[in-house]
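Notes follow the structure.
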Amino acid sequence: MDLRKRPVYMIGIAAELIGVHPQTLRMYEQKGLLNPRKSIKNTRLYSPEDVELGRYIQTLTQETGMNLAGVKKVLDLEKHIAKLQAENQSLRRELERTKLQHLQTVEEIHRSYRREIVLMPRGEIIRRES
């Protein structure tokens with residue numbers, strides 16, 4: 001498992017690292033902004049990635065004055081953008097592969113007909129009249 005996603009902090013520690021009250025983290029979870037893992041005893045466990053996301057949420061709410069609904073929209077849009085960028089990158093790779101295949105096919109065609117075409121001196125060309 002990726003160490004950044006490994007749940008290691010209980011809610012009190014995570015809240016302290018983020019600089020908020022534990023109840024704030026519960027509210028973030030309720031609004032769907034954070035999704036901590038739960039232990040067998042149903043204790044919330046936060047990963048370093050969760051803490052980073054919590055700090056980002058705090059930045060959006062404190063420094064920009066955004067409400068939690070706005071934060072949710074921003075996070076959803078950022079996920080969507082990341083997905084589109086990955087899709088775009090995949091399509092660009094596919095386009096490059098297709099382009100290379102096309103160039104190889106064209107080159108093969110050029111090589112094949114070069115053997116079939118015989119150059120004749122200009123004077124030897126006979127034109128038929130209709």
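To be explicit about the labels: the chains of the structure tokens are called A, B, and onward in the order shown, and within each one the residues are counted from 1, while ligands get numbers from 1 in the order they are shown.
Here the DSSP assignment of strand (DSSP E), based on backbone atoms, applies within region 1-102 of chain A to Tyr9, Met10, Arg37, Lys38, Arg44, Leu45 and Tyr46 of chain A.
Here CA of Ile57 (chain A) stands at a distance of 15.9 Å from CA of Ile11 (chain A).
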Item to check | Filtered DSSP result for chain A, state alpha helix (DSSP H), as a PyMOL selection string | outcome: chain A and resi 11-18+22-30+48-63+68-116
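Closest to Lys72 (chain A) among A:Val20, A:Met27, A:Ile13, A:Leu33 is A:Leu33, based on only C-alpha atoms.
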Checklist entry - Just how far from CA of Leu17 (chain A) is CA of Tyr56 (chain A), in Å to one decimal? => result 12.2 Å
Next on the checklist: Give me the residues near region 46-55 of chain A as JSON, numbers by chain, where near means some atom within 10 Å (using only C-alpha atoms) and where sequence neighbours in that chain fewer than 2 positions away do not count.
Outcome noted: {"A": [3, 4, 5, 6, 7, 8, 9, 10, 11, 12, 13, 14, 15, 16, 17, 18, 19, 20, 24, 25, 28, 33, 34, 35, 36, 37, 38, 43, 44, 57, 58, 59, 60, 61, 75]}
